[in-house]
Structures are given as C-alpha cells and as structure tokens.
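**Q** So here's my_file-v4.txt, just compact mmCIF, C-alpha atoms:
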```txt
# COMPACT_ATOMS: atom_id res chain seq x y z
CA MET A 1 104.57 172.84 116.65
CA GLU A 2 100.95 171.83 116.14
CA ILE A 3 100.77 171.34 112.40
CA LEU A 4 103.25 169.56 110.18
CA ILE A 5 102.97 170.16 106.44
CA LEU A 6 104.75 167.67 104.19
CA ASN A 7 104.92 169.27 100.77
CA ALA A 8 105.75 167.35 97.58
CA LEU A 9 104.61 170.06 95.15
CA LEU A 10 107.26 171.60 92.99
CA LYS A 11 107.64 175.34 93.47
CA LYS A 12 107.03 175.81 89.73
CA THR A 13 103.59 174.11 90.03
CA LYS A 14 100.88 176.49 88.94
CA ASN A 15 99.06 177.77 92.02
CA TYR A 16 101.86 176.56 94.33
CA GLU A 17 102.31 180.01 95.87
CA ARG A 18 98.56 180.48 96.18
CA ILE A 19 98.10 177.18 97.98
CA GLN A 20 101.00 177.96 100.29
CA MET A 21 99.59 181.42 100.95
CA VAL A 22 96.07 180.14 101.71
CA LEU A 23 97.42 177.52 104.11
CA GLU A 24 99.91 179.76 105.89
CA GLU A 25 97.62 182.80 106.16
CA ASN A 26 94.86 180.76 107.72
CA LEU A 27 97.20 179.05 110.14
CA GLN A 28 98.76 182.38 111.13
CA THR A 29 95.33 184.02 111.58
CA GLU A 30 94.34 181.26 113.98
CA ASN A 31 97.73 181.48 115.75
CA TYR A 32 98.63 177.88 115.06
CA SER A 33 102.27 176.94 115.12
CA TYR A 34 103.30 174.99 112.04
CA GLU A 35 106.30 173.69 110.15
CA TRP A 36 106.49 173.49 106.37
CA ILE A 37 108.76 170.72 105.09
CA ASP A 38 109.60 170.26 101.40
CA VAL A 39 110.03 166.50 101.15
CA ARG A 40 111.94 166.82 97.88
CA GLU A 41 114.71 168.54 99.82
CA MET A 42 114.93 165.80 102.42
CA ASN A 43 117.53 163.06 102.36
CA VAL A 44 115.35 159.96 102.77
CA ASN A 45 116.35 156.40 101.93
CA THR A 46 113.94 153.80 100.60
CA CYS A 47 112.29 151.54 103.17
CA ILE A 48 113.33 147.95 102.48
CA GLY A 49 110.32 146.48 104.24
CA THR A 50 110.05 142.86 105.27
CA LYS A 51 113.72 142.06 104.61
CA CYS A 52 114.58 144.50 107.40
CA LEU A 53 111.80 145.23 109.90
CA ALA A 54 114.45 146.17 112.46
CA CYS A 55 111.99 148.82 113.67
CA GLN A 56 109.68 145.98 114.71
CA PHE A 57 111.90 143.10 115.78
CA LYS A 58 115.35 144.50 116.66
CA THR A 59 114.99 148.05 117.93
CA PRO A 60 111.22 148.56 118.41
CA GLY A 61 110.10 151.97 117.18
CA LEU A 62 113.51 152.96 115.81
CA CYS A 63 114.44 152.81 112.12
CA LYS A 64 118.07 151.82 111.62
CA GLN A 65 118.51 154.03 108.53
CA LYS A 66 120.37 157.21 109.35
CA ASP A 67 118.85 160.02 107.31
CA ASP A 68 116.47 162.98 107.66
CA MET A 69 113.62 160.73 108.86
CA GLN A 70 115.31 160.65 112.27
CA ASP A 71 114.43 164.34 112.70
CA LEU A 72 110.96 163.86 111.26
CA TYR A 73 109.75 161.00 113.50
CA PRO A 74 109.45 163.06 116.74
CA LYS A 75 107.70 165.84 114.82
CA LEU A 76 105.19 163.35 113.42
CA ILE A 77 104.35 162.04 116.86
CA GLN A 78 104.00 165.46 118.44
CA ALA A 79 101.92 167.10 115.69
CA LYS A 80 98.17 167.60 116.11
CA LEU A 81 97.60 167.72 112.37
CA LEU A 82 99.57 166.24 109.50
CA VAL A 83 99.05 167.81 106.08
CA PHE A 84 100.07 166.02 102.87
CA LEU A 85 100.38 168.44 99.97
CA THR A 86 101.12 166.55 96.79
CA PRO A 87 100.59 166.09 93.09
CA VAL A 88 98.24 163.18 92.42
CA SER A 89 99.97 160.30 90.63
CA PHE A 90 97.34 157.89 89.27
CA GLY A 91 95.38 158.38 92.51
CA SER A 92 98.41 157.95 94.74
CA TYR A 93 100.52 160.49 96.57
CA HIS A 94 103.50 161.57 94.47
CA SER A 95 106.52 159.26 94.81
CA GLU A 96 108.54 161.95 96.64
CA LEU A 97 105.93 161.98 99.42
CA LYS A 98 105.38 158.22 99.25
CA LYS A 99 109.09 157.72 99.94
CA VAL A 100 108.53 159.42 103.32
CA ILE A 101 105.22 157.64 104.06
CA ASP A 102 106.79 154.23 103.35
CA ARG A 103 109.06 154.96 106.31
CA PHE A 104 106.12 155.28 108.76
CA ILE A 105 106.42 151.58 109.69
CA PRO A 106 108.15 152.28 113.08
CA LEU A 107 104.89 153.97 114.13
CA ASP A 108 103.25 150.50 114.18
CA ILE A 109 103.87 147.50 116.38
CA PRO A 110 103.80 144.04 114.80
CA VAL A 111 100.88 142.95 117.00
CA TYR A 112 97.54 142.44 115.22
CA THR A 113 94.14 143.69 116.25
CA ILE A 114 90.66 144.13 114.80
CA HIS A 115 89.81 147.75 114.03
CA GLN A 116 86.59 148.68 112.24
CA LYS A 117 86.01 144.95 111.65
CA GLU A 118 89.31 144.67 109.72
CA LEU A 119 92.65 143.12 110.60
CA HIS A 120 95.29 145.76 111.38
CA HIS A 121 98.55 146.32 113.20
CA LYS A 122 98.32 148.24 116.46
CA ASN A 123 99.66 151.77 116.71
CA ARG A 124 102.84 152.28 118.69
CA TYR A 125 101.70 155.69 119.91
CA GLU A 126 98.35 156.33 121.55
CA GLU A 127 97.45 159.42 119.59
CA MET A 128 98.20 159.96 115.95
CA PRO A 129 97.83 163.42 114.38
CA ASN A 130 94.71 164.15 112.36
CA LEU A 131 95.31 163.89 108.63
CA PHE A 132 94.54 166.31 105.81
CA SER A 133 95.62 165.43 102.28
CA ILE A 134 95.54 167.99 99.50
CA GLY A 135 96.04 166.52 96.04
CA VAL A 136 96.75 168.67 93.02
CA LEU A 137 95.43 167.17 89.80
CA GLU A 138 97.41 167.72 86.65
CA GLY A 139 95.65 166.02 83.76
CA GLU A 140 94.46 163.26 86.08
CA SER A 141 90.98 161.78 85.81
CA GLN A 142 88.12 162.02 88.29
CA MET A 143 88.75 158.33 89.01
CA SER A 144 92.25 159.29 90.18
CA ALA A 145 90.72 161.98 92.40
CA LYS A 146 88.37 159.39 93.91
CA THR A 147 91.23 156.94 94.49
CA PHE A 148 93.26 159.71 96.15
CA ARG A 149 90.48 160.43 98.66
CA LYS A 150 90.00 156.72 99.27
CA LEU A 151 93.74 156.28 99.89
CA THR A 152 93.69 158.94 102.62
CA GLU A 153 90.67 157.27 104.18
CA ARG A 154 92.49 153.92 104.17
CA ASN A 155 95.58 155.54 105.75
CA ALA A 156 93.36 157.02 108.45
CA VAL A 157 91.74 153.65 109.20
CA ASN A 158 95.11 151.89 109.24
CA MET A 159 96.76 154.46 111.50
CA VAL A 160 93.68 154.82 113.72
CA ILE A 161 93.47 158.53 112.99
CA GLU A 162 90.51 160.18 114.65
CA LYS A 163 89.76 162.89 112.10
CA PHE A 164 90.80 163.09 108.48
CA ALA A 165 89.91 164.91 105.31
CA SER A 166 91.03 164.78 101.72
CA ILE A 167 90.50 167.21 98.87
CA THR A 168 91.67 167.35 95.30
CA ILE A 169 92.08 170.58 93.40
CA GLU A 170 92.75 171.32 89.77
CA LYS A 171 96.05 173.09 89.29
CA ASN A 172 94.23 175.91 87.54
CA SER A 173 91.56 176.38 90.24
CA GLU A 174 90.47 179.90 91.11
CA LEU A 175 91.94 181.32 94.31
CA ALA A 176 88.51 181.56 95.94
CA VAL A 177 87.76 177.90 95.22
CA LEU A 178 91.11 176.86 96.66
CA GLU A 179 90.58 178.93 99.79
CA ASP A 180 87.05 177.65 100.39
CA LYS A 181 88.08 174.03 100.05
CA ILE A 182 91.17 174.32 102.24
CA VAL A 183 89.74 176.56 104.97
CA ASP A 184 86.61 174.44 105.45
CA LYS A 185 88.66 171.33 106.06
CA LEU A 186 91.24 173.04 108.28
CA GLU A 187 88.47 174.23 110.58
CA GLU A 188 87.18 170.67 110.92
CA LEU A 189 90.56 169.19 111.71
CA VAL A 190 92.50 171.60 113.89
CA MET B 27 96.03 132.05 71.05
CA TYR B 28 98.71 134.26 72.54
CA LYS B 29 101.80 132.30 71.47
CA ASN B 30 105.39 133.09 70.58
CA GLN B 31 104.96 136.48 72.16
CA LYS B 32 106.61 138.27 75.04
CA ILE B 33 105.36 139.94 78.17
CA THR B 34 107.00 142.78 80.07
CA ALA B 35 106.76 142.27 83.84
CA LEU B 36 107.51 144.96 86.39
CA ILE B 37 108.01 143.78 89.97
CA GLY B 38 107.00 146.41 92.52
CA SER B 39 108.74 145.15 95.63
CA THR B 40 111.51 147.11 97.38
CA GLN B 41 113.53 143.89 97.62
CA HIS B 42 115.37 141.81 95.06
CA ASN B 43 114.21 138.34 96.13
CA SER B 44 110.61 139.09 96.87
CA THR B 45 107.25 137.36 96.95
CA SER B 46 106.32 139.29 93.79
CA LYS B 47 109.42 137.91 92.07
CA ALA B 48 108.50 134.38 93.19
CA MET B 49 105.10 134.86 91.53
CA VAL B 50 106.62 136.16 88.28
CA ASP B 51 109.17 133.30 88.28
CA TYR B 52 106.29 130.85 88.59
CA LEU B 53 104.46 132.53 85.70
CA GLN B 54 107.64 132.39 83.61
CA GLN B 55 107.79 128.60 84.04
CA LYS B 56 104.13 128.21 83.12
CA PHE B 57 104.33 130.53 80.12
CA SER B 58 107.36 128.68 78.74
CA ASN B 59 104.99 125.77 77.97
CA HIS B 60 103.24 128.13 75.55
CA ASP B 61 106.41 129.62 74.03
CA ILE B 62 105.75 132.91 75.79
CA LYS B 63 108.68 134.68 77.40
CA ILE B 64 108.69 137.32 80.12
CA ASP B 65 111.10 140.26 80.20
CA THR B 66 111.31 140.95 83.91
CA TYR B 67 112.25 144.24 85.56
CA LYS B 68 112.39 145.20 89.22
CA ALA B 69 111.21 148.68 90.19
CA CYS B 70 113.84 148.76 92.96
CA GLU B 71 116.54 148.49 90.26
CA VAL B 72 114.89 150.54 87.54
CA TYR B 73 113.72 153.69 89.31
CA GLN B 74 117.17 155.18 89.76
CA ASN B 75 118.96 153.55 86.83
CA GLU B 76 118.65 155.35 83.51
CA GLN B 77 119.85 152.41 81.39
CA LYS B 78 117.55 149.86 83.01
CA PHE B 79 114.65 152.29 82.77
CA THR B 80 115.33 152.83 79.05
CA ASP B 81 115.39 149.05 78.56
CA LEU B 82 112.09 148.74 80.40
CA VAL B 83 110.42 151.36 78.21
CA THR B 84 111.79 149.68 75.10
CA HIS B 85 110.33 146.34 76.16
CA ILE B 86 106.96 147.87 77.06
CA SER B 87 106.87 149.38 73.59
CA GLN B 88 107.83 146.09 71.91
CA ASN B 89 105.68 143.65 73.89
CA SER B 90 101.91 143.83 73.75
CA LEU B 91 101.26 142.88 77.39
CA PHE B 92 102.54 144.74 80.44
CA LEU B 93 102.24 142.97 83.81
CA ILE B 94 102.66 144.71 87.16
CA CYS B 95 103.21 142.36 90.12
CA ALA B 96 103.43 144.25 93.41
CA PRO B 97 102.85 144.16 97.14
CA VAL B 98 100.68 146.69 98.94
CA TYR B 99 102.85 149.21 100.75
CA ILE B 100 100.94 151.35 103.27
CA ASP B 101 97.65 151.06 101.36
CA SER B 102 99.32 151.90 98.05
CA LEU B 103 102.21 150.80 95.85
CA SER B 104 105.84 151.11 96.97
CA TYR B 105 107.83 154.29 96.41
CA PRO B 106 110.13 152.69 93.78
CA LEU B 107 107.13 151.43 91.81
CA ILE B 108 105.23 154.72 91.90
CA SER B 109 108.41 156.51 90.87
CA THR B 110 108.88 154.08 87.95
CA LEU B 111 105.25 154.51 86.82
CA GLU B 112 105.65 158.31 86.95
CA GLN B 113 108.76 158.03 84.80
CA ILE B 114 106.97 155.78 82.29
CA TYR B 115 104.16 158.35 82.14
CA SER B 116 106.69 161.08 81.44
CA CYS B 117 107.68 159.09 78.30
CA LYS B 118 104.06 158.76 77.18
CA ASP B 119 103.98 158.64 73.44
CA ASP B 120 101.02 157.10 71.63
CA SER B 121 103.22 156.03 68.75
CA ILE B 122 105.41 153.77 70.94
CA PHE B 123 102.79 152.73 73.48
CA HIS B 124 100.11 151.95 70.91
CA ASP B 125 97.76 149.01 71.56
CA LYS B 126 99.19 147.88 74.91
CA LYS B 127 97.41 145.77 77.49
CA LEU B 128 97.95 145.84 81.26
CA ILE B 129 97.30 143.18 83.92
CA ALA B 130 98.07 143.64 87.62
CA ILE B 131 98.83 141.13 90.37
CA ILE B 132 98.48 142.80 93.76
CA HIS B 133 99.11 141.04 97.06
CA SER B 134 99.29 141.85 100.74
CA GLY B 135 99.80 140.16 104.07
CA PHE B 136 96.34 141.14 105.28
CA PRO B 137 93.64 138.71 104.19
CA GLU B 138 90.85 141.15 103.36
CA LYS B 139 90.45 142.57 99.87
CA ILE B 140 89.81 146.09 101.17
CA HIS B 141 93.51 146.41 102.07
CA ARG B 142 94.40 146.00 98.38
CA GLU B 143 91.71 148.08 96.73
CA SER B 144 93.54 151.44 96.62
CA ALA B 145 96.67 149.81 95.17
CA ILE B 146 94.57 148.06 92.52
CA GLU B 147 92.83 151.31 91.61
CA ILE B 148 96.21 153.03 91.23
CA CYS B 149 97.24 150.38 88.67
CA TYR B 150 93.90 150.82 86.89
CA ASN B 151 94.33 154.62 86.83
CA PHE B 152 97.85 154.21 85.47
CA ALA B 153 96.52 151.99 82.65
CA LYS B 154 93.82 154.51 81.79
CA THR B 155 96.19 157.49 81.95
CA MET B 156 98.62 155.72 79.65
CA GLY B 157 95.89 154.63 77.24
CA PHE B 158 96.61 150.95 77.98
CA ASP B 159 93.77 148.45 77.74
CA TRP B 160 93.01 147.31 81.32
CA GLN B 161 92.80 143.52 81.33
CA GLY B 162 92.06 143.12 85.02
CA VAL B 163 93.69 142.11 88.28
CA VAL B 164 94.51 139.04 90.33
CA ASP B 165 94.88 139.80 94.01
CA PHE B 166 95.98 137.74 96.99
CA GLY B 167 95.86 138.16 100.74
CA VAL B 168 98.11 136.40 103.27
CA SER B 169 100.93 136.50 100.72
CA SER B 170 103.45 136.94 103.56
CA ILE B 171 103.55 133.14 103.89
CA ILE B 172 105.58 133.05 100.66
CA GLU B 173 108.49 135.18 101.98
CA GLY B 174 110.12 135.23 98.55
CA LYS B 175 110.43 131.44 98.33
CA PRO B 176 109.71 129.57 95.06
CA LEU B 177 105.99 128.80 95.06
CA LYS B 178 106.43 125.11 94.31
CA GLU B 179 108.75 124.71 97.32
CA LEU B 180 105.92 125.75 99.60
CA GLY B 181 103.74 122.86 98.49
CA ILE B 182 100.19 122.92 99.77
CA ALA B 183 100.68 126.32 101.47
CA SER B 184 100.87 128.02 98.09
CA ARG B 185 98.46 125.75 96.22
CA TRP B 186 95.67 128.36 96.17
CA ILE B 187 98.04 131.01 94.78
CA ARG B 188 99.40 128.66 92.10
CA LYS B 189 95.89 127.71 91.12
CA SER B 190 94.98 131.37 90.54
CA LEU B 191 98.20 132.01 88.62
CA ASP B 192 97.58 128.91 86.47
CA GLU B 193 94.16 130.31 85.65
CA LEU B 194 95.74 133.67 84.82
CA VAL B 195 98.14 131.98 82.39
CA GLU B 196 95.24 130.23 80.68
CA LYS B 197 93.36 133.51 80.36
CA ILE B 198 96.36 135.29 78.85
CA VAL B 199 97.15 132.42 76.47
CA ASN B 200 93.52 132.43 75.34
CA LYS B 201 93.51 136.22 75.10
CA GLU B 202 90.70 136.56 77.62
CA LYS B 203 90.34 139.44 80.03
CA VAL B 204 90.95 138.58 83.65
CA SER B 205 88.12 140.86 84.73
CA SER B 206 86.12 143.50 82.97
CA GLY B 207 85.48 145.80 85.95
CA VAL B 208 87.96 148.05 87.66
CA ILE B 209 88.62 145.71 90.54
CA ARG B 210 85.50 143.85 91.46
CA LYS B 211 86.15 140.54 89.80
CA SER B 212 89.34 138.69 90.33
CA LEU B 213 90.51 135.14 90.21
CA ASN B 214 91.77 134.77 93.71
CA LEU B 215 90.52 132.85 96.65
CA PRO B 216 90.41 135.80 99.07
CA ILE B 217 91.33 133.95 102.26
CA PRO B 218 93.20 130.66 102.17
CA LEU B 219 91.92 129.66 105.58
CA PRO B 220 88.16 129.54 105.91
CA ILE B 221 88.12 131.11 109.36
CA PRO B 222 86.47 134.28 110.66
CA ILE B 223 88.64 137.36 110.62
CA LYS B 224 88.38 137.75 114.41
CA TRP B 225 90.38 134.54 114.83
CA PHE B 226 93.37 135.95 112.97
CA PRO B 227 94.79 138.20 115.77
CA PRO B 228 95.27 135.45 118.38
CA ILE B 229 96.82 133.09 115.81
CA LEU B 230 99.11 135.72 114.27
CA ASN B 231 100.03 137.27 117.63
CA PHE B 232 101.05 133.84 118.94
CA MET B 233 103.46 133.55 115.98
CA ILE B 234 104.70 137.13 116.43
CA ASN B 235 105.34 136.60 120.15
CA ARG B 236 107.40 133.52 119.36
CA LYS B 237 109.45 135.51 116.88
CA LEU B 238 109.94 138.36 119.38
CA LYS B 239 111.09 135.89 122.02
CA LYS B 240 113.54 134.34 119.57
CA GLU B 241 114.91 137.79 118.65
CA GLY B 242 115.23 138.67 122.34
CA VAL B 243 113.04 141.77 122.03
CA GLU B 244 112.09 142.93 125.50
CA ASP B 245 109.99 146.03 125.00
CA ILE B 246 107.95 145.62 121.87
CA LEU B 247 105.79 148.60 122.89
CA ALA B 248 108.76 150.99 123.21
CA ARG B 249 107.96 154.61 122.34
CA PRO B 250 111.33 156.18 121.60
CA TYR B 251 109.82 159.56 120.62
```
Please rewrite the model in this file as structure tokens.

**A**
Amino acid sequence: MEILILNALLKKTKNYERIQMVLEENLQTENYSYEWIDVREMNVNTCIGTKCLACQFKTPGLCKQKDDMQDLYPKLIQAKLLVFLTPVSFGSYHSELKKVIDRFIPLDIPVYTIHQKELHHKNRYEEMPNLFSIGVLEGESQMSAKTFRKLTERNAVNMVIEKFASITIEKNSELAVLEDKIVDKLEELV
Amino acid sequence: MYKNQKITALIGSTQHNSTSKAMVDYLQQKFSNHDIKIDTYKACEVYQNEQKFTDLVTHISQNSLFLICAPVYIDSLSYPLISTLEQIYSCKDDSIFHDKKLIAIIHSGFPEKIHRESAIEICYNFAKTMGFDWQGVVDFGVSSIIEGKPLKELGIASRWIRKSLDELVEKIVNKEKVSSGVIRKSLNLPIPLPIPIKWFPPILNFMINRKLKKEGVEDILARPY
C-alpha cells in the first residue's frame, strides 16, 4: 500500500462521491495501491497526553491503548503518501480526524532537536509519508481556509515531512475545479 | 468596571488536573477579589456528556465572557476541545449567543510562539464563526514546567505566567481588549529563560535522559513497526 487516505467526510456531504471518485480514479490510472479508511468508523480512544506518555517513557514507540490505532500505526509508517480528507472546523481538521492525529505521538521520540531553526522532537522513523490535506469548507471563512493550510504546513515541519500540500475546496465546487486542484497536488506528491 | 459578573471558562486539556486548569484556578482566585466568578468546564468531561454540554451552553448564553484555556496538541487544539467547539457551533443561535466576548489562553511546552499560532487562529476563527467579539489571546511557552500544579506552589518558576495572568485580570476587570489583532499582540513573556533557542536541546535532553534512566528505558529509539 503506497497511499493511505484518512477520510473524515460524512458520506452525505455534498460532493463526497465526486471527491472520492476523483481521488480513486487518478490513483487507479497511475496504478498506485491505496487504502481508504473512514475514521468515523474506527474505534479510537482519546490520547491522554502528558499524564500517560507510555509511548515515550515506558514502551517506546508503542501506545498502550488497545484499539484500531494498533492496525493503523504500521500502515502510517509504510505509506508513501498520507491524505487527510476532512471538513474544516474553524481552520482545524474535523474532530473525528483530530482524534486519530492526536494519537500520532508514538511516532516521535522525546529527544529534542533544532529543525528549521525551531525546537522540535525528533522523529522515531527515518522517513515519514508525504502529506496531502484536503479540507472541505462548509460556511467557513477564508481565514479558516488559510489556517487550515497553515496547520498542514506546521504538521509537516513538526513531523519532518519532505513534501506536503494542502487545498481547501468549497462543498459546492464544480467537478472540474475539484479535479484540477486534487490532480495537480497528487502529481507533486506521489 | 466588569464587576459582579460571571465568566464561562472551557479548559481544553485531555486531563482533569491539567496545567490549563491550574491557570483557570489561579484566575478564579484573582477574580474573586473583584466579585467575578468563573463557571468552569472541562472539554474532556463535556464532549461526550449531554448534560454537562447543555450546562456549558446555558452558561455561555448567560455570561458575557467566554474564556478558552487550552494546550497546543499537535499544532492545534485537542480532540475533545475541537469536538466541544463543533457542538457549540451546532447550537449557534444569535438570540442566545448575542453580544458575547471571547478570550483565549493558549500554551505549549515549546518556547517559540510559532508552535502556538495555528491553535490561536483556530480560537479566533471559532469566535468569528460564532459571531463572538474576539478580545484577544494570552499565550505561553514552556508551560510544561507547571505540570498541573497550583501556580503559587511553583514560586519563582511560574512568576512570569502569574504576572501575565494578573495583567489579563486587570484588562478584563477594566473591560479592555487583550489585543486587537488576530494573534500578533499578547501579554506573555515568550521565553522565560533569556537563552538562545539552540541551547534548549542539550538542556532538555539532559533532563529527558535522566528521566529515561529513572524509568529504566533501554531502547528509546525503538521502531516497533
């Protein structure tokens, strides 16, 4: 599997089927292997953060919570491209996707380093997948769209991701607009 | 003067006894001198509890000031807090949320402001989406030194945080905005230690290595997948 798609869009979202079609058709045309995961159907517990940190100080790299994340971790490490497909919530990823992202802490080690002149934790794994976030705007402002793109950029810096891209689309966008935006970025990242 | 009024505070941590709670507890003590009370809610309790969520919405609608106090969680806000904000938005009703003000306190372990900017913008966007009047933000780095302890207990180590929170209280009591921009102006001292950022890794890694030794961790670099 080369591409892992983490989808937080509801199936009833306008354009959901079109977005899925554009993504899947392009990936199939290029013969990429991919897996589509609906995060809303996953059983994922909430990360409890600094009160736990077992994944850093007890069992390095392993989260002690037993849920669907245990199947997701190896897929995350092995993927070449990670796609976040999500409604935009005030510039953030939707909470259903954020629940999964909050559990990415085992992918770090607690050792600090300077990266791009900023203080960061080091990555546990040498190569992280490239990152492509697709945010669907539903009555959100352009400021939210800007924050969404910035958030992906910050994730990429923090996770030392080599290539990343982020786009926002209106839920009522024309099919051609959707396709252009998505295909351009896929070509850059895969 | 903002007196004899109440504030609704929403704590964004995933834990019950958190650094964010310690900050709100400190504010509560300071506000009591001005006859201002805080109704405090924790996102980690509210987001999956219908009754507590209903209480939260009721208090937001009754109190004129809404305060979000939250840590940065992977460049953003925590899942329970985002979920709670989404649920509040789903109740958006101009008749009950009329004339509300929002202030945010955002903190992170990393000293640099850039680590907190996305989280601050998300709070700002929430305020704008809800039609709340954005009153500004106070943000802190190196907040991990608090570890959920009462701020006063930490003495000089938390003096710079208390000083900023004291200033925040004064601003609220005097009905002044904390900052007029989205995020650019804030009250905090960005780094408590006046040292170059490149000195942080050796200092912090020395402390981490001591902790790892104490925990008996042998292979910190393990790659289980």

**Q** With all atoms listed in the file as the basis for distance, which of B:Ser134, B:Leu128, B:Val164, B:Leu191 is at the shortest distance from Tyr150 (chain B)?

**A**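 With all atoms listed in the file as the atom set, the closest residue is B:Leu128.
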
**Q** Between CA of Gln161 (chain B) and CA of Val204 (chain B), measure the distance and give it in Å to one decimal.

**A**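 That distance, rounded to one decimal, is 5.8 Å.
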
**Q** Which residue out of A:Lys14, A:Lys64, A:Arg103, A:Lys98 has the minimum interatomic distance to chain B when all atoms listed in the file are used?

**A** A:Lys98

**Q** With 6 Å as the cut-off and all atoms listed in the file counted, what is the closest atom pair between each nearby residue of chain B and chain A? Distances in Å to one decimal, ordered by chain and number, as a tab-separated table.

**A**
```
residue	atom	partner	partner_atom	distance
B:Thr40	CA	A:Ile48	CA	5.5
B:Tyr105	CA	A:Lys99	CA	5.1
B:Ile108	CA	A:Ser95	CA	5.5
B:Ser109	CA	A:Ser95	CA	5.2
B:Ser144	CA	A:Leu151	CA	5.8
B:Ile148	CA	A:Phe90	CA	5.4
B:Asn151	CA	A:Phe90	CA	5.1
B:Phe152	CA	A:Phe90	CA	5.3
B:Pro227	CA	A:Tyr112	CA	5.1
B:Asn231	CA	A:Val111	CA	5.8
B:Ile246	CA	A:Pro60	CA	5.6
B:Ala248	CA	A:Pro60	CA	5.9
B:Tyr251	CA	A:Pro74	CA	5.2
```

**Q** Mind pulling up the distance from CA of Ile64 (chain B) to CA of Ile33 (chain B)?

**A**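 One can read the CA of Ile33 (chain B) to CA of Ile64 (chain B) distance as 4.7 Å.
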
**Q** Given 5 Å on each side, where is the centre and what are the edge lengths in Å to one decimal of the axis-aligned box enclosing the listed atoms of region 171-177 of chain A, as AutoDock Vina command-line options?

**A**
```
--center_x 91.9 --center_y 177.3 --center_z 91.7 --size_x 18.3 --size_y 18.5 --size_z 18.4
```

**Q** Glu2 (chain A): which residues within 12 Å, counting all atoms listed in the file, same-chain residues fewer than 4 positions away excluded, as a PyMOL selection string?

**A** chain A and resi 27-28+30-36+75-83+129-130+189-190

**Q** From the set A:Lys66, A:His115, A:Lys163, A:Lys171, which residue has the shortest atom-to-atom contact distance to Lys185 (chain A), counting only C-alpha atoms?

**A**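 Result for the nearest residue to Lys185 (chain A): A:Lys163.
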
**Q** One decimal, in Å: what's the spacing between CA of Ile62 (chain B) and CA of Thr34 (chain B)?

**A**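 Atom-to-atom, CA of Ile62 (chain B) and CA of Thr34 (chain B) are spaced 10.8 Å apart.
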
**Q** Can you work out which one of A:Met69, A:Asp38, A:Asn7, A:Gln116 has the shortest atom-to-atom distance to Ile19 (chain A), counting all atoms listed in the file?

**A**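 Distance minimum relative to Ile19 (chain A) lands on A:Asn7.
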
**Q** Just checking: using all atoms listed in the file, which residue out of B:Gly162, B:Gly135, B:Gly157, B:Gly242 ends up closest to Ile198 (chain B)?

**A**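 Looking at the shortest contact to Ile198 (chain B), the residue is B:Gly162.
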
**Q** Using all atoms listed in the file, find the one residue out of A:Glu24, A:Leu72, A:Ala165, A:Phe132 that sits nearest to Thr86 (chain A).

**A**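 Counting all atoms listed in the file, the residue closest to Thr86 (chain A) is A:Phe132.
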
**Q** Name all residues at most 12 Å from Thr13 (chain A) (count all atoms listed in the file; drop same-chain ones fewer than 2 positions away) and give them as a PyMOL selection string.

**A** chain A and resi 7-11+15-20+85-87+136-138+170-172

**Q** Go ahead and write the residues just picked, C-alpha atoms, as a compact mmCIF listing (two decimals), in the frame of the given file.

**A**
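So the final result, stored in part18.txt, reads:
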```txt
# COMPACT_ATOMS: atom_id res chain seq x y z
CA ASN A 7 104.92 169.27 100.77
CA ALA A 8 105.75 167.35 97.58
CA LEU A 9 104.61 170.06 95.15
CA LEU A 10 107.26 171.60 92.99
CA LYS A 11 107.64 175.34 93.47
CA ASN A 15 99.06 177.77 92.02
CA TYR A 16 101.86 176.56 94.33
CA GLU A 17 102.31 180.01 95.87
CA ARG A 18 98.56 180.48 96.18
CA ILE A 19 98.10 177.18 97.98
CA GLN A 20 101.00 177.96 100.29
CA LEU A 85 100.38 168.44 99.97
CA THR A 86 101.12 166.55 96.79
CA PRO A 87 100.59 166.09 93.09
CA VAL A 136 96.75 168.67 93.02
CA LEU A 137 95.43 167.17 89.80
CA GLU A 138 97.41 167.72 86.65
CA GLU A 170 92.75 171.32 89.77
CA LYS A 171 96.05 173.09 89.29
CA ASN A 172 94.23 175.91 87.54
```
